[in-house]
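Asks: Questions regarding the structure given below will be posed in turn.
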Amino acid sequence: MTPPLPHTVRAVDTAQLLDLAQEAATHSLSQRLPVDWLQEHLAAEATHYLFVTLVQRHTIRTNGKLSLFGDVT
């Protein structure tokens with residue numbers, strides 16, 4: 001049996017989190033919030049916890065169109 005994934009992978013400070021967000025944006029892996037917004041709204045002295053997130057993307061083609069949600073009519 002495979003061991004379960006840890007719930008928290010890493011704790012980072014605000015500067016590290018902003019660096020990670022900028023790197024993700026550079027590689028078009030940006031999250032839903034822009035780096036500038038994060039910089040304005042994150043507490044500078046805070047510790048942020050990174051969690052494992054699994055994302056499944058469907059690439060089902062129906063009627064010649066790409067559908068992320070299965071058969072869309």
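Chain labels A, B, ... are given in the sequence in which chains occur in the structure tokens; within each chain residues are numbered consecutively from 1, and ligands are likewise numbered from 1 in the order shown.
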For Asp13 of chain A, list every protein, DNA or RNA residue within 10 Å, evaluated using only C-alpha atoms, and leave out those in the same chain fewer than 4 positions away; present the list as a PyMOL selection string.
Replies: chain A and resi 17-18+43-49
Asks: How about saving the chosen residues, N, CA and C atoms kept, as an mmCIF file, in the first residue's frame?
Replies:
data_model
loop_
_atom_site.group_PDB
_atom_site.id
_atom_site.type_symbol
_atom_site.label_atom_id
_atom_site.label_comp_id
_atom_site.auth_asym_id
_atom_site.auth_seq_id
_atom_site.Cartn_x
_atom_site.Cartn_y
_atom_site.Cartn_z
ATOM 1 N N LEU A 17 6.708 32.967 -0.534
ATOM 2 C CA LEU A 17 5.441 32.737 -1.222
ATOM 3 C C LEU A 17 5.322 33.644 -2.448
ATOM 4 N N LEU A 18 5.716 34.895 -2.320
ATOM 5 C CA LEU A 18 5.675 35.817 -3.459
ATOM 6 C C LEU A 18 6.636 35.374 -4.557
ATOM 7 N N ALA A 43 0.098 39.494 4.863
ATOM 8 C CA ALA A 43 0.821 40.044 6.012
ATOM 9 C C ALA A 43 2.300 39.684 5.861
ATOM 10 N N ALA A 44 3.159 40.681 5.944
ATOM 11 C CA ALA A 44 4.592 40.483 5.706
ATOM 12 C C ALA A 44 5.212 39.502 6.702
ATOM 13 N N GLU A 45 4.719 39.467 7.931
ATOM 14 C CA GLU A 45 5.312 38.625 8.970
ATOM 15 C C GLU A 45 4.659 37.244 9.081
ATOM 16 N N ALA A 46 3.720 36.942 8.210
ATOM 17 C CA ALA A 46 2.952 35.696 8.310
ATOM 18 C C ALA A 46 3.746 34.490 7.810
ATOM 19 N N THR A 47 3.340 33.323 8.281
ATOM 20 C CA THR A 47 3.819 32.046 7.764
ATOM 21 C C THR A 47 2.680 31.450 6.943
ATOM 22 N N HIS A 48 2.999 30.990 5.751
ATOM 23 C CA HIS A 48 1.997 30.438 4.838
ATOM 24 C C HIS A 48 2.305 28.959 4.637
ATOM 25 N N TYR A 49 1.258 28.147 4.612
ATOM 26 C CA TYR A 49 1.415 26.697 4.525
ATOM 27 C C TYR A 49 0.967 26.211 3.155
#
Asks: Measuring atom to atom with only C-alpha atoms, identify which of A:Val9, A:Ser28, A:Thr2, A:Thr14 is nearest to His41 of chain A.
Replies: A:Thr14
Asks: What's the separation between atom CA of Leu29 of chain A and atom CA of Pro3 of chain A, in Å to one decimal place?
Replies: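 A separation of 27.6 Å between them.
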Asks: I want to know what sits within 12 Å of Asp19 of chain A, based on only C-alpha atoms, with residues of the same chain fewer than 3 positions away left out; could you give that as a tab-separated table (two decimals) with N, CA and C atoms, in the first residue's frame?
Replies:
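New file selection.tsv:
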chain	number	residue	atom	x	y	z
A	12	VAL	N	6.23	28.45	4.42
A	12	VAL	CA	7.08	29.48	3.83
A	12	VAL	C	6.69	30.85	4.38
A	13	ASP	N	7.65	31.78	4.34
A	13	ASP	CA	7.31	33.14	4.74
A	13	ASP	C	6.74	33.89	3.53
A	14	THR	N	6.32	35.11	3.74
A	14	THR	CA	5.65	35.87	2.68
A	14	THR	C	6.57	36.11	1.49
A	15	ALA	N	7.84	36.41	1.73
A	15	ALA	CA	8.77	36.65	0.62
A	15	ALA	C	8.92	35.40	-0.24
A	16	GLN	N	9.02	34.23	0.39
A	16	GLN	CA	9.13	32.98	-0.36
A	16	GLN	C	7.85	32.70	-1.14
A	22	GLN	N	5.48	34.39	-8.30
A	22	GLN	CA	6.08	35.03	-9.47
A	22	GLN	C	6.64	33.99	-10.43
A	23	GLU	N	7.30	32.98	-9.90
A	23	GLU	CA	7.84	31.91	-10.75
A	23	GLU	C	6.72	31.17	-11.46
A	24	ALA	N	5.64	30.88	-10.74
A	24	ALA	CA	4.48	30.21	-11.36
A	24	ALA	C	3.90	31.06	-12.47
A	25	ALA	N	3.77	32.37	-12.24
A	25	ALA	CA	3.23	33.27	-13.26
A	25	ALA	C	4.14	33.31	-14.49
A	26	THR	N	5.44	33.28	-14.27
A	26	THR	CA	6.41	33.30	-15.37
A	26	THR	C	6.24	32.08	-16.28
A	30	SER	N	0.22	30.36	-13.08
A	30	SER	CA	-0.26	31.27	-12.06
A	30	SER	C	-1.58	30.81	-11.46
A	35	VAL	N	0.16	38.28	-8.64
A	35	VAL	CA	1.24	38.48	-7.68
A	35	VAL	C	1.13	39.86	-7.03
A	36	ASP	N	0.79	40.89	-7.80
A	36	ASP	CA	0.67	42.24	-7.25
A	36	ASP	C	-0.41	42.29	-6.16
A	38	LEU	N	-1.42	39.75	-4.31
A	38	LEU	CA	-0.89	39.03	-3.15
A	38	LEU	C	0.04	39.92	-2.34
A	39	GLN	N	0.92	40.63	-3.01
A	39	GLN	CA	1.89	41.48	-2.33
A	39	GLN	C	1.18	42.56	-1.50
